file structure.cif (mmCIF, C-alpha atoms)
data_protein
#
loop_
_atom_site.label_atom_id
_atom_site.label_comp_id
_atom_site.auth_asym_id
_atom_site.auth_seq_id
_atom_site.Cartn_x
_atom_site.Cartn_y
_atom_site.Cartn_z
CA MET A 1 -8.78 -6.53 -24.27
CA GLN A 2 -6.08 -4.53 -22.49
CA SER A 3 -5.17 -1.33 -24.36
CA PRO A 4 -1.48 -0.76 -25.19
CA SER A 5 -1.26 2.09 -22.66
CA GLU A 6 -2.79 0.09 -19.78
CA THR A 7 -0.74 -1.99 -17.35
CA PRO A 8 -2.11 -5.15 -15.68
CA ASP A 9 -2.47 -3.22 -12.41
CA GLN A 10 -4.49 -0.49 -14.11
CA THR A 11 -6.70 -3.09 -15.76
CA ASP A 12 -7.21 -4.87 -12.42
CA SER A 13 -8.24 -1.69 -10.58
CA ALA A 14 -10.60 -0.68 -13.41
CA ARG A 15 -12.17 -4.15 -13.39
CA LEU A 16 -12.79 -3.99 -9.64
CA ASN A 17 -14.32 -0.52 -9.89
CA GLN A 18 -16.71 -1.82 -12.55
CA SER A 19 -17.63 -5.11 -10.87
CA CYS A 20 -16.95 -5.13 -7.11
CA ALA A 21 -20.09 -4.15 -5.18
CA CYS A 22 -18.75 -5.08 -1.74
CA ILE A 23 -19.91 -2.83 1.09
CA THR A 24 -16.63 -2.06 2.82
CA LEU A 25 -17.67 0.85 5.03
CA ASP A 26 -18.17 -0.09 8.66
CA ARG A 27 -20.78 2.56 9.42
CA PRO A 28 -21.03 1.68 13.12
CA ALA A 29 -17.27 2.26 13.39
CA VAL A 30 -17.61 5.71 11.79
CA THR A 31 -20.53 6.46 14.09
CA ARG A 32 -18.57 5.45 17.18
CA GLU A 33 -15.53 7.48 16.15
CA LEU A 34 -17.50 10.63 15.38
CA ALA A 35 -19.59 10.25 18.52
CA HIS A 36 -16.40 9.85 20.56
CA GLN A 37 -14.75 12.91 19.04
CA LEU A 38 -17.74 15.22 18.64
CA GLY A 39 -19.68 14.28 21.78
CA ASP A 40 -23.19 15.73 22.02
CA GLU A 41 -22.74 17.52 18.69
CA ALA A 42 -22.66 14.15 16.92
CA THR A 43 -26.31 13.29 17.67
CA ASP A 44 -27.94 15.53 15.07
CA LEU A 45 -25.18 14.87 12.57
CA LEU A 46 -25.36 11.10 12.72
CA SER A 47 -29.16 11.04 12.47
CA SER A 48 -29.22 13.34 9.44
CA GLU A 49 -30.28 11.80 6.14
CA VAL A 50 -27.91 14.21 4.39
CA TRP A 51 -24.99 12.58 6.14
CA ARG A 52 -26.10 9.16 5.02
CA GLN A 53 -24.96 10.38 1.62
CA PHE A 54 -21.73 11.93 2.84
CA PHE A 55 -19.81 8.63 2.99
CA SER A 56 -20.15 6.02 0.27
CA ASP A 57 -20.31 2.33 1.22
CA VAL A 58 -17.54 1.40 -1.23
CA THR A 59 -13.87 2.06 -1.80
CA LEU A 60 -12.25 3.26 -5.01
CA PHE A 61 -9.46 1.08 -6.40
CA LEU A 62 -6.53 2.93 -7.94
CA ALA A 63 -3.57 1.51 -9.79
CA PRO A 64 -0.19 2.39 -8.23
CA GLN A 65 0.95 3.82 -11.56
CA ASP A 66 -1.99 6.24 -11.57
CA LEU A 67 -1.23 7.46 -8.06
CA ALA A 68 2.44 7.85 -8.96
CA GLN A 69 1.50 9.87 -12.04
CA MET A 70 -0.78 12.14 -9.97
CA GLN A 71 2.00 12.76 -7.47
CA ALA A 72 4.45 13.50 -10.29
CA MET A 73 1.94 15.97 -11.73
CA VAL A 74 1.68 17.73 -8.36
CA GLN A 75 5.46 18.05 -8.23
CA ALA A 76 5.55 19.37 -11.81
CA LEU A 77 2.80 21.90 -11.08
CA GLU A 78 4.49 23.17 -7.95
CA THR A 79 7.78 23.43 -9.84
CA ALA A 80 6.07 25.45 -12.58
CA ALA A 81 4.64 27.77 -9.93
CA THR A 82 8.19 28.76 -8.90
CA LEU A 83 9.11 30.08 -12.36
CA PRO A 84 9.62 33.87 -12.27
CA SER A 85 7.73 34.45 -15.54
CA TYR A 86 4.82 32.31 -14.40
CA ARG A 87 4.58 34.22 -11.12
CA GLU A 88 4.77 37.56 -12.88
CA LYS A 89 1.92 36.58 -15.19
CA VAL A 90 -0.48 35.12 -12.61
CA LEU A 91 0.16 37.90 -10.11
CA SER A 92 -0.68 40.45 -12.82
CA TRP A 93 -4.36 39.47 -12.57
CA ALA A 94 -4.35 38.73 -8.86
CA PRO A 95 -5.65 41.11 -6.16
CA ALA A 96 -3.29 43.45 -4.37
CA THR A 97 -3.32 41.27 -1.27
CA ALA A 98 -1.67 38.46 -3.26
CA GLN A 99 1.47 40.49 -3.96
CA LEU A 100 2.72 39.94 -0.40
CA ASP A 101 4.93 36.89 0.19
CA PRO A 102 5.69 36.30 3.88
CA GLY A 103 6.69 32.67 3.33
CA PRO A 104 3.82 30.17 3.92
CA VAL A 105 3.01 28.01 0.90
CA GLY A 106 -0.49 26.83 1.83
CA ALA A 107 -1.85 24.08 4.07
CA PHE A 108 -4.06 21.35 2.64
CA MET A 109 -3.57 21.90 -1.06
CA GLY A 110 -6.15 19.91 -3.03
CA TYR A 111 -5.61 18.51 -6.53
CA ASP A 112 -8.69 16.99 -8.21
CA PHE A 113 -8.43 14.40 -11.00
CA HIS A 114 -10.60 12.42 -13.36
CA LEU A 115 -9.44 8.93 -14.28
CA GLY A 116 -9.46 7.91 -17.92
CA LYS A 117 -8.14 5.20 -20.20
CA ASP A 118 -5.10 7.38 -20.90
CA GLY A 119 -4.40 8.05 -17.22
CA PRO A 120 -5.34 10.74 -14.69
CA ARG A 121 -6.30 14.22 -15.84
CA LEU A 122 -6.12 17.27 -13.55
CA ILE A 123 -9.49 19.02 -13.38
CA GLU A 124 -8.97 21.60 -10.64
CA ILE A 125 -6.63 22.93 -7.97
CA ASN A 126 -8.00 24.05 -4.59
CA THR A 127 -6.23 25.96 -1.85
CA ASN A 128 -8.64 25.30 1.02
CA ALA A 129 -9.67 21.78 0.14
CA GLY A 130 -12.15 20.38 2.64
CA GLY A 131 -12.76 16.85 3.82
CA ALA A 132 -9.32 15.59 4.84
CA PHE A 133 -10.07 15.07 8.54
CA LEU A 134 -13.32 13.25 7.77
CA ASN A 135 -11.62 11.11 5.15
CA ALA A 136 -8.94 10.13 7.65
CA ILE A 137 -11.69 8.66 9.87
CA LEU A 138 -13.38 7.07 6.85
CA ALA A 139 -10.17 5.29 5.80
CA ARG A 140 -9.88 3.67 9.24
CA ALA A 141 -13.41 2.22 9.11
CA GLN A 142 -13.13 -0.17 6.17
CA ARG A 143 -13.67 -3.92 5.90
CA GLN A 144 -11.85 -6.26 3.52
CA CYS A 145 -13.59 -7.02 0.22
CA CYS A 146 -13.22 -9.22 -2.83
CA GLY A 147 -10.43 -6.96 -4.06
CA GLY A 148 -8.01 -8.84 -1.83
CA THR A 149 -4.82 -7.28 -0.52
CA THR A 150 -4.69 -3.52 -0.94
CA SER A 151 -2.80 -0.63 0.59
CA GLU A 152 -4.05 2.74 1.76
CA SER A 153 -3.05 5.90 -0.06
CA GLY A 154 -1.73 8.54 2.28
CA ASN A 155 0.45 9.27 5.26
CA ALA A 156 0.25 6.54 7.89
CA ASP A 157 0.64 9.21 10.58
CA PHE A 158 -2.04 11.60 9.33
CA GLU A 159 -2.37 13.60 12.55
CA GLY A 160 1.38 13.98 12.89
CA ALA A 161 1.65 15.11 9.27
CA VAL A 162 -1.10 17.69 9.83
CA ILE A 163 0.68 19.20 12.83
CA ARG A 164 4.03 19.21 11.04
CA GLN A 165 2.32 21.02 8.17
CA PHE A 166 1.11 23.87 10.38
CA GLU A 167 4.45 24.03 12.20
CA SER A 168 6.19 24.30 8.82
CA GLU A 169 3.87 27.13 7.77
CA TRP A 170 4.69 28.89 11.05
CA ARG A 171 8.45 28.54 10.62
CA ALA A 172 8.27 29.70 6.99
CA GLN A 173 7.17 33.10 8.30
CA ARG A 174 8.50 33.21 11.86
CA GLY A 175 11.71 31.24 11.52
CA HIS A 176 11.47 28.97 14.57
CA GLY A 177 9.13 27.57 17.22
CA ARG A 178 5.48 26.71 16.74
CA PRO A 179 2.15 28.53 17.12
CA GLU A 180 0.56 28.55 20.55
CA ARG A 181 -2.95 29.23 19.28
CA ILE A 182 -4.60 28.51 15.92
CA ALA A 183 -7.94 29.91 14.76
CA ILE A 184 -10.00 27.95 12.25
CA ILE A 185 -11.89 30.66 10.36
CA ASP A 186 -14.99 30.47 8.17
CA GLU A 187 -18.24 32.37 7.73
CA GLN A 188 -20.73 31.24 10.39
CA PRO A 189 -18.71 28.05 10.93
CA GLU A 190 -21.42 26.25 12.91
CA GLN A 191 -23.74 26.59 9.91
CA GLN A 192 -21.20 25.18 7.45
CA TYR A 193 -21.76 21.76 5.95
CA LEU A 194 -18.25 20.74 7.01
CA TYR A 195 -18.47 22.13 10.54
CA PRO A 196 -17.87 18.65 12.02
CA GLU A 197 -14.52 18.68 10.23
CA PHE A 198 -13.60 21.94 11.97
CA ARG A 199 -14.26 20.23 15.29
CA LEU A 200 -12.08 17.28 14.28
CA ALA A 201 -9.28 19.65 13.23
CA GLN A 202 -9.60 21.50 16.53
CA GLN A 203 -9.17 18.27 18.45
CA VAL A 204 -6.12 17.21 16.43
CA MET A 205 -4.47 20.52 17.27
CA GLN A 206 -5.41 20.35 20.93
CA ARG A 207 -4.04 16.81 21.24
CA ALA A 208 -0.73 18.22 19.94
CA GLY A 209 -0.71 20.89 22.65
CA ILE A 210 -1.87 23.77 20.45
CA ASP A 211 -4.87 25.81 21.56
CA ALA A 212 -7.44 25.93 18.77
CA LEU A 213 -10.55 28.08 18.30
CA ILE A 214 -13.31 27.89 15.69
CA LEU A 215 -14.31 31.43 14.80
CA SER A 216 -16.11 33.55 12.25
CA PRO A 217 -14.49 36.73 10.85
CA GLU A 218 -16.80 38.79 13.09
CA ASP A 219 -15.05 37.27 16.10
CA LEU A 220 -11.72 38.79 15.04
CA HIS A 221 -10.25 42.07 16.19
CA TYR A 222 -6.99 43.67 15.04
CA GLU A 223 -5.22 46.18 17.24
CA ASP A 224 -1.61 47.40 17.64
CA GLY A 225 -0.18 44.69 15.40
CA VAL A 226 -2.00 41.82 17.10
CA LEU A 227 -4.88 39.70 15.81
CA TYR A 228 -7.36 38.70 18.50
CA GLY A 229 -10.16 36.16 18.42
CA ASN A 230 -12.74 36.43 21.20
CA GLY A 231 -10.18 38.43 23.13
CA LYS A 232 -7.36 35.89 22.72
CA ARG A 233 -4.21 36.46 20.70
CA ILE A 234 -4.20 34.45 17.45
CA ASP A 235 -0.85 33.21 16.17
CA LEU A 236 -1.92 31.27 13.08
CA VAL A 237 -5.13 31.22 11.05
CA TYR A 238 -6.27 28.06 9.27
CA ASN A 239 -8.25 29.93 6.65
CA ARG A 240 -11.36 28.27 5.20
CA LEU A 241 -12.92 31.42 3.74
CA VAL A 242 -13.83 31.53 0.07
CA ASP A 243 -13.04 35.25 -0.09
CA PHE A 244 -9.66 34.21 -1.47
CA GLY A 245 -8.22 37.73 -1.66
CA LEU A 246 -9.54 38.79 1.80
CA GLU A 247 -11.16 41.74 0.04
CA ALA A 248 -14.61 41.82 1.65
CA PRO A 249 -15.19 44.65 4.17
CA GLU A 250 -16.19 42.18 6.87
CA HIS A 251 -12.74 40.58 6.63
CA ALA A 252 -10.86 43.79 7.39
CA ALA A 253 -9.26 42.51 10.61
CA LEU A 254 -7.94 39.41 8.90
CA ARG A 255 -6.76 41.43 5.89
CA SER A 256 -4.86 43.84 8.13
CA ALA A 257 -3.22 40.97 9.99
CA TRP A 258 -2.19 39.50 6.65
CA LEU A 259 -0.83 42.70 5.14
CA GLU A 260 1.10 43.60 8.28
CA GLU A 261 2.27 40.01 8.87
CA ALA A 262 0.79 40.08 12.35
CA ALA A 263 -0.44 36.48 12.06
CA VAL A 264 0.50 33.51 9.92
CA ILE A 265 -2.41 32.85 7.53
CA THR A 266 -2.69 29.63 5.57
CA PRO A 267 -3.89 29.19 2.91
CA ASN A 268 -3.65 32.84 1.93
CA PRO A 269 -4.25 35.19 -1.00
CA ARG A 270 -0.84 34.52 -2.55
CA THR A 271 -1.30 30.75 -2.46
CA HIS A 272 -4.64 31.07 -4.21
CA ALA A 273 -3.21 33.40 -6.84
CA LEU A 274 -0.31 31.06 -7.63
CA PHE A 275 -2.35 27.88 -7.84
CA ALA A 276 -6.14 28.03 -7.70
CA ASP A 277 -7.18 30.93 -9.95
CA LYS A 278 -8.52 28.95 -12.89
CA ARG A 279 -6.95 31.31 -15.41
CA ASN A 280 -3.66 29.71 -14.38
CA LEU A 281 -4.73 26.45 -16.04
CA ALA A 282 -4.59 28.22 -19.40
CA LEU A 283 -0.87 28.75 -18.78
CA LEU A 284 -0.21 25.36 -17.24
CA SER A 285 -1.82 23.60 -20.22
CA ASP A 286 0.29 25.59 -22.72
CA PRO A 287 3.55 23.65 -23.27
CA THR A 288 5.16 26.24 -25.55
CA THR A 289 4.80 28.97 -22.93
CA LEU A 290 6.04 26.72 -20.13
CA MET A 291 9.14 25.73 -22.11
CA ASP A 292 9.84 29.38 -22.93
CA TRP A 293 9.62 30.18 -19.23
CA GLY A 294 12.18 27.53 -18.34
CA LEU A 295 10.20 24.47 -17.24
CA SER A 296 12.06 21.23 -17.98
CA ALA A 297 11.05 19.22 -21.03
CA GLU A 298 10.05 16.32 -18.77
CA ASN A 299 7.72 18.40 -16.61
CA THR A 300 6.33 20.25 -19.61
CA GLU A 301 5.43 16.99 -21.33
CA LEU A 302 3.86 15.62 -18.16
CA LEU A 303 1.62 18.69 -17.80
CA ARG A 304 0.78 18.63 -21.53
CA LEU A 305 -0.50 15.09 -21.19
CA SER A 306 -2.21 15.63 -17.85
CA ILE A 307 -3.99 19.00 -17.93
CA PRO A 308 -6.95 19.42 -20.28
CA ARG A 309 -6.59 22.36 -22.63
CA THR A 310 -7.94 25.48 -20.95
CA LEU A 311 -8.82 28.87 -22.47
CA GLN A 312 -9.90 32.18 -21.00
CA VAL A 313 -13.37 33.01 -22.30
CA ASN A 314 -13.67 36.40 -24.00
CA ALA A 315 -15.45 38.15 -26.83
CA SER A 316 -12.83 37.13 -29.39
CA ASN A 317 -13.30 33.38 -28.88
CA GLY A 318 -16.88 33.42 -27.65
CA GLU A 319 -18.52 32.45 -30.93
CA ASP A 320 -16.14 29.53 -31.51
CA LEU A 321 -16.65 28.29 -27.95
CA TRP A 322 -20.41 28.48 -28.36
CA GLN A 323 -20.30 26.48 -31.58
CA GLN A 324 -18.00 23.89 -29.96
CA ARG A 325 -19.62 24.06 -26.52
CA ARG A 326 -20.17 20.30 -26.21
CA GLN A 327 -16.40 19.88 -26.05
CA TRP A 328 -15.97 22.27 -23.10
CA PHE A 329 -16.69 22.74 -19.43
CA PHE A 330 -17.13 26.35 -18.28
CA LYS A 331 -15.90 27.52 -14.86
CA PRO A 332 -15.68 30.91 -13.11
CA VAL A 333 -12.05 31.87 -12.52
CA ALA A 334 -12.49 32.27 -8.75
CA GLY A 335 -15.27 29.76 -8.28
CA HIS A 336 -15.62 27.19 -5.52
CA GLY A 337 -17.83 24.25 -4.66
CA SER A 338 -18.97 23.79 -8.30
CA LYS A 339 -20.92 27.06 -8.15
CA GLY A 340 -21.44 28.67 -11.54
CA VAL A 341 -19.98 25.66 -13.36
CA TYR A 342 -21.60 24.53 -16.63
CA LYS A 343 -21.18 21.54 -18.87
CA GLY A 344 -21.19 22.89 -22.42
CA SER A 345 -23.73 20.39 -23.68
CA LYS A 346 -26.24 21.72 -21.11
CA LEU A 347 -25.73 25.42 -21.87
CA THR A 348 -28.48 27.72 -23.07
CA LYS A 349 -27.70 30.81 -25.12
CA SER A 350 -28.80 33.12 -22.30
CA THR A 351 -26.51 31.38 -19.81
CA PHE A 352 -23.59 31.57 -22.24
CA THR A 353 -24.25 35.31 -22.63
CA ARG A 354 -23.84 35.67 -18.85
CA ILE A 355 -20.61 33.68 -19.03
CA LEU A 356 -19.24 36.14 -21.59
CA GLU A 357 -20.10 39.00 -19.24
CA ASN A 358 -18.08 37.48 -16.38
CA ASP A 359 -14.61 36.00 -15.83
CA TYR A 360 -14.70 32.39 -17.01
CA VAL A 361 -12.43 29.72 -18.42
CA ALA A 362 -13.35 26.92 -20.79
CA GLN A 363 -11.72 23.57 -20.04
CA ALA A 364 -11.72 20.68 -22.50
CA PHE A 365 -14.29 18.19 -21.23
CA VAL A 366 -12.77 15.06 -19.69
CA PRO A 367 -15.46 12.51 -18.75
CA PRO A 368 -15.06 11.02 -15.28
CA SER A 369 -14.64 7.30 -14.72
CA GLU A 370 -17.34 5.32 -12.93
CA ARG A 371 -17.68 3.14 -9.84
CA LEU A 372 -20.26 0.44 -9.20
CA VAL A 373 -22.41 0.87 -6.07
CA MET A 374 -25.50 -0.80 -4.67
CA VAL A 375 -28.47 1.50 -3.97
CA ASP A 376 -31.58 -0.07 -2.46
CA GLY A 377 -30.48 -3.44 -3.78
CA GLU A 378 -29.94 -2.18 -7.31
CA ARG A 379 -26.59 -1.87 -9.12
CA GLU A 380 -25.75 1.69 -10.22
CA MET A 381 -22.73 3.35 -11.78
CA LEU A 382 -21.67 6.66 -10.23
CA LYS A 383 -19.14 9.17 -11.50
CA VAL A 384 -15.81 9.49 -9.73
CA ASP A 385 -13.13 12.05 -9.08
CA VAL A 386 -10.00 11.68 -6.96
CA ARG A 387 -8.57 14.35 -4.66
CA LEU A 388 -4.99 14.43 -3.41
CA TYR A 389 -4.48 16.43 -0.23
CA THR A 390 -0.86 17.56 -0.23
CA TYR A 391 1.61 19.83 1.52
CA ARG A 392 4.75 21.08 -0.26
CA GLY A 393 4.02 18.50 -2.93
CA ASN A 394 3.93 15.58 -0.49
CA LEU A 395 0.84 13.41 -0.14
CA LEU A 396 -1.15 13.71 3.08
CA LEU A 397 -4.17 11.70 1.98
CA ALA A 398 -6.05 10.61 -1.14
CA ALA A 399 -9.83 10.34 -1.31
CA ALA A 400 -12.50 9.83 -3.94
CA ARG A 401 -15.89 11.45 -4.41
CA LEU A 402 -18.75 9.49 -5.99
CA TYR A 403 -21.70 11.37 -7.46
CA ARG A 404 -24.40 11.62 -10.06
CA GLY A 405 -25.01 14.78 -12.07
CA GLN A 406 -22.96 17.52 -13.65
CA THR A 407 -20.54 18.12 -10.76
CA THR A 408 -19.51 16.58 -7.44
CA ASN A 409 -22.10 16.77 -4.69
CA PHE A 410 -23.17 15.06 -1.48
CA ARG A 411 -26.78 14.54 -2.48
CA THR A 412 -26.41 11.27 -4.40
CA PRO A 413 -27.71 8.04 -2.83
CA GLY A 414 -24.76 5.65 -2.68
CA GLY A 415 -22.33 8.51 -3.26
CA GLY A 416 -20.11 10.72 -1.14
CA PHE A 417 -16.50 10.44 -0.02
CA ALA A 418 -14.81 7.08 -0.47
CA PRO A 419 -11.33 5.93 0.52
CA VAL A 420 -8.76 5.25 -2.18
CA LEU A 421 -7.08 1.85 -2.04
CA ILE A 422 -4.06 0.99 -4.16
CA LYS A 423 -4.56 -2.22 -6.12
#
call {"tool": "encode", "arguments": {"input": "structure.cif", "output": "structure tokens"}}
result
Amino acid sequence: MQSPSETPDQTDSARLNQSCACITLDRPAVTRELAHQLGDEATDLLSSEVWRQFFSDVTLFLAPQDLAQMQAMVQALETAATLPSYREKVLSWAPATAQLDPGPVGAFMGYDFHLGKDGPRLIEINTNAGGAFLNAILARAQRQCCGGTTSESGNADFEGAVIRQFESEWRAQRGHGRPERIAIIDEQPEQQYLYPEFRLAQQVMQRAGIDALILSPEDLHYEDGVLYGNGKRIDLVYNRLVDFGLEAPEHAALRSAWLEEAAVITPNPRTHALFADKRNLALLSDPTTLMDWGLSAENTELLRLSIPRTLQVNASNGEDLWQQRRQWFFKPVAGHGSKGVYKGSKLTKSTFTRILENDYVAQAFVPPSERLVMVDGEREMLKVDVRLYTYRGNLLLAAARLYRGQTTNFRTPGGGFAPVLIK
């Protein structure tokens, strides 16, 4: 029976996710596209068993009302982040590098949601969300299934939107023009799991007439107000580092370029401080505080309904959280990639003691929805989350991740990234 809060479209998409086992992924098409774009580098990638689990064979069906609600939540969150009192509070616990505001707002924001009977719930905000370039290829390699007519979720001109995003970040700091050279920066990028995505990003930029380099921080040199990478002047940095405050000694060149505004850096320490520090969710899930700070009643109510209650973990509430641990998920405030994340029902006392000794938040547990897949001829239900890639609140692309276990991963047979189709 349809619940009072569900629309026919929501019921239809949920039914398909529970019953449609169609294999929609055209793996040969993905293989051809990656081989074309990555050349010789694609050989090892495409033969890797790990990458067999990077793309799921199925799509995720999403009701248009759910996508609209997610997009409204993004707009409400980004509006809340402009409030002076909100900024004062979150910057009070941010590193010194986050106090600078040269203008850029952050490329490739990532908003992660669980889907429930009462609608989408925001689980996390990321400022260097990975996977968009790979998901753009994935979305183009899909066959029709029993779900019938559907529409893709995202910008029809993904590559154009990506370039406009970086040009906008440039103009926000420089006023006019566009960058001549962009550096994609991460630790030992060729060893990163998502290195193929860096290569795809590089090619998108080069096709738009922008020189693009893939570099590690050790390749950078800062001198006389100029950031260099392998001896070439760097205008803009597409920052994929997880040292969100650029505080590590080995990132000194990049930190100097940031503090002296010698290069445009996106995403940057300020973007992370305003959005992705998980302590912020304690504020964004507190309607009384948001109303006091001047957020509209409409946006406040939307965030109240959409963000699970979040608390900073400390000695004063530690005992209560331990007793109620099955109701909570525990996350480090500056964590990434599900590292150090614990489901309360799985916690041991010794692990909880370590949580109390570090900076953590507790988030009310919101179970993920599920998607039917076929694995070795057997029907299995995998957990699902949905990620919106956005820029200035506008949708670039939506994608799902299917997984088994406590948190998202790319080690689940039948799991991995999946395109989101509106049904």
call {"tool": "residues_near_point", "arguments": {"input": "structure.cif", "point": "(-21.8, 30.6, -27.3)", "cutoff": "9 Å", "atoms": "all atoms listed in the file", "output": "JSON, numbers by chain"}}
result
{"A": [318, 319, 320, 321, 322, 323, 324, 325, 347, 348, 349, 350, 351, 352, 353, 355, 356]}
call {"tool": "resolve_selection", "arguments": {"input": "structure.cif", "expression": "the PyMOL selection byres ((chain A and resi 114) around 8)", "output": "list in words"}}
result
Asp112, Phe113, Leu115, Gly116, Pro120, Arg121, Leu122, Ile123, Val366, Pro367, Pro368, Ser369, Val384, Asp385 and Val386 of chain A
call {"tool": "write_last_selection", "arguments": {"input": "structure.cif", "atoms": "C-alpha atoms", "output": "short mmCIF file (atom, residue, chain, number, x, y, z; two decimals), in the frame of the given file"}}
result
data_model
loop_
_atom_site.label_atom_id
_atom_site.label_comp_id
_atom_site.auth_asym_id
_atom_site.auth_seq_id
_atom_site.Cartn_x
_atom_site.Cartn_y
_atom_site.Cartn_z
CA ASP A 112 -8.69 16.99 -8.21
CA PHE A 113 -8.43 14.40 -11.00
CA LEU A 115 -9.44 8.93 -14.28
CA GLY A 116 -9.46 7.91 -17.92
CA PRO A 120 -5.34 10.74 -14.69
CA ARG A 121 -6.30 14.22 -15.84
CA LEU A 122 -6.12 17.27 -13.55
CA ILE A 123 -9.49 19.02 -13.38
CA VAL A 366 -12.77 15.06 -19.69
CA PRO A 367 -15.46 12.51 -18.75
CA PRO A 368 -15.06 11.02 -15.28
CA SER A 369 -14.64 7.30 -14.72
CA VAL A 384 -15.81 9.49 -9.73
CA ASP A 385 -13.13 12.05 -9.08
CA VAL A 386 -10.00 11.68 -6.96
#
call {"tool": "residues_around", "arguments": {"input": "structure.cif", "residues": "Thr310 in chain A", "least_positions_apart": "4", "cutoff": "9 Å", "atoms": "only C-alpha atoms", "output": "number ranges by chain"}}
result
A: 278-286, 328, 361-364
call {"tool": "resolve_selection", "arguments": {"input": "structure.cif", "expression": "the PyMOL selection byres ((chain A and resi 35) around 12)", "output": "list in words"}}
result
Arg27, Pro28, Ala29, Val30, Thr31, Arg32, Glu33, Leu34, His36, Gln37, Leu38, Gly39, Asp40, Glu41, Ala42, Thr43, Asp44, Leu45, Leu46, Ser47, Ile137, Pro196, Arg199 and Leu200 of chain A
call {"tool": "residues_around", "arguments": {"input": "structure.cif", "residues": "range 172-185 of chain A", "least_positions_apart": "3", "cutoff": "9 Å", "atoms": "all atoms listed in the file", "output": "PyMOL selection string"}}
result
chain A and resi 102-105+166-169+188-189+198+201-202+205+209-217+229+232-241+261+264
call {"tool": "closest_residue", "arguments": {"input": "structure.cif", "among": "A:Ser296, A:Asn358, A:Thr82, A:Gln71", "to": "Gly154 in chain A", "atoms": "all atoms listed in the file"}}
result
A:Gln71
call {"tool": "resolve_selection", "arguments": {"input": "structure.cif", "expression": "the PyMOL selection byres ((chain A and resi 75-78) around 9)", "output": "mmCIF file with C-alpha atoms, in the coordinates of the input"}}
result
data_model
loop_
_atom_site.group_PDB
_atom_site.id
_atom_site.type_symbol
_atom_site.label_atom_id
_atom_site.label_comp_id
_atom_site.auth_asym_id
_atom_site.auth_seq_id
_atom_site.Cartn_x
_atom_site.Cartn_y
_atom_site.Cartn_z
ATOM 1 C CA MET A 70 -0.780 12.140 -9.970
ATOM 2 C CA GLN A 71 2.000 12.760 -7.470
ATOM 3 C CA ALA A 72 4.450 13.500 -10.290
ATOM 4 C CA MET A 73 1.940 15.970 -11.730
ATOM 5 C CA VAL A 74 1.680 17.730 -8.360
ATOM 6 C CA THR A 79 7.780 23.430 -9.840
ATOM 7 C CA ALA A 80 6.070 25.450 -12.580
ATOM 8 C CA ALA A 81 4.640 27.770 -9.930
ATOM 9 C CA THR A 82 8.190 28.760 -8.900
ATOM 10 C CA PHE A 275 -2.350 27.880 -7.840
ATOM 11 C CA LEU A 284 -0.210 25.360 -17.240
ATOM 12 C CA LEU A 295 10.200 24.470 -17.240
ATOM 13 C CA GLU A 298 10.050 16.320 -18.770
ATOM 14 C CA ASN A 299 7.720 18.400 -16.610
ATOM 15 C CA THR A 300 6.330 20.250 -19.610
ATOM 16 C CA LEU A 302 3.860 15.620 -18.160
ATOM 17 C CA LEU A 303 1.620 18.690 -17.800
ATOM 18 C CA ARG A 392 4.750 21.080 -0.260
ATOM 19 C CA GLY A 393 4.020 18.500 -2.930
ATOM 20 C CA ASN A 394 3.930 15.580 -0.490
#
call {"tool": "atom_distance", "arguments": {"input": "structure.cif", "atom1": "CA of Glu380 in chain A", "atom2": "CA of Glu124 in chain A"}}
result
26.0 Å
call {"tool": "closest_residue", "arguments": {"input": "structure.cif", "among": "A:Ala129, A:Ala94, A:Val373, A:Ala399", "to": "Leu62 in chain A", "atoms": "only C-alpha atoms"}}
result
A:Ala399
call {"tool": "residues_around", "arguments": {"input": "structure.cif", "residues": "Phe244 in chain A", "least_positions_apart": "3", "cutoff": "9 Å", "atoms": "all atoms listed in the file", "output": "ChimeraX atom specification"}}
result
/A:127,241,247,267-270,272-273,334
call {"tool": "write_last_selection", "arguments": {"input": "structure.cif", "atoms": "C-alpha atoms", "output": "PDB file, in the frame of the given file"}}
result
ATOM      1  CA  THR A 127      -6.230  25.960  -1.850  1.00  0.00           C
ATOM      2  CA  LEU A 241     -12.920  31.420   3.740  1.00  0.00           C
ATOM      3  CA  GLU A 247     -11.160  41.740   0.040  1.00  0.00           C
ATOM      4  CA  PRO A 267      -3.890  29.190   2.910  1.00  0.00           C
ATOM      5  CA  ASN A 268      -3.650  32.840   1.930  1.00  0.00           C
ATOM      6  CA  PRO A 269      -4.250  35.190  -1.000  1.00  0.00           C
ATOM      7  CA  ARG A 270      -0.840  34.520  -2.550  1.00  0.00           C
ATOM      8  CA  HIS A 272      -4.640  31.070  -4.210  1.00  0.00           C
ATOM      9  CA  ALA A 273      -3.210  33.400  -6.840  1.00  0.00           C
ATOM     10  CA  ALA A 334     -12.490  32.270  -8.750  1.00  0.00           C
TER      11      ALA A 334
END
call {"tool": "residues_around", "arguments": {"input": "structure.cif", "residues": "Cys20 in chain A", "least_positions_apart": "5", "cutoff": "12 Å", "atoms": "only C-alpha atoms", "output": "ChimeraX atom specification"}}
result
/A:12-15,57-61,144-148,370-374,379-381
call {"tool": "residues_around", "arguments": {"input": "structure.cif", "residues": "range 155-157 of chain A", "least_positions_apart": "6", "cutoff": "9 Å", "atoms": "all atoms listed in the file", "output": "number ranges by chain"}}
result
A: 395-397
call {"tool": "atom_distance", "arguments": {"input": "structure.cif", "atom1": "CA of Leu290 in chain A", "atom2": "CA of Val333 in chain A"}}
result
20.3 Å
call {"tool": "atom_distance", "arguments": {"input": "structure.cif", "atom1": "CA of Ala132 in chain A", "atom2": "CA of Ala21 in chain A"}}
result
24.6 Å
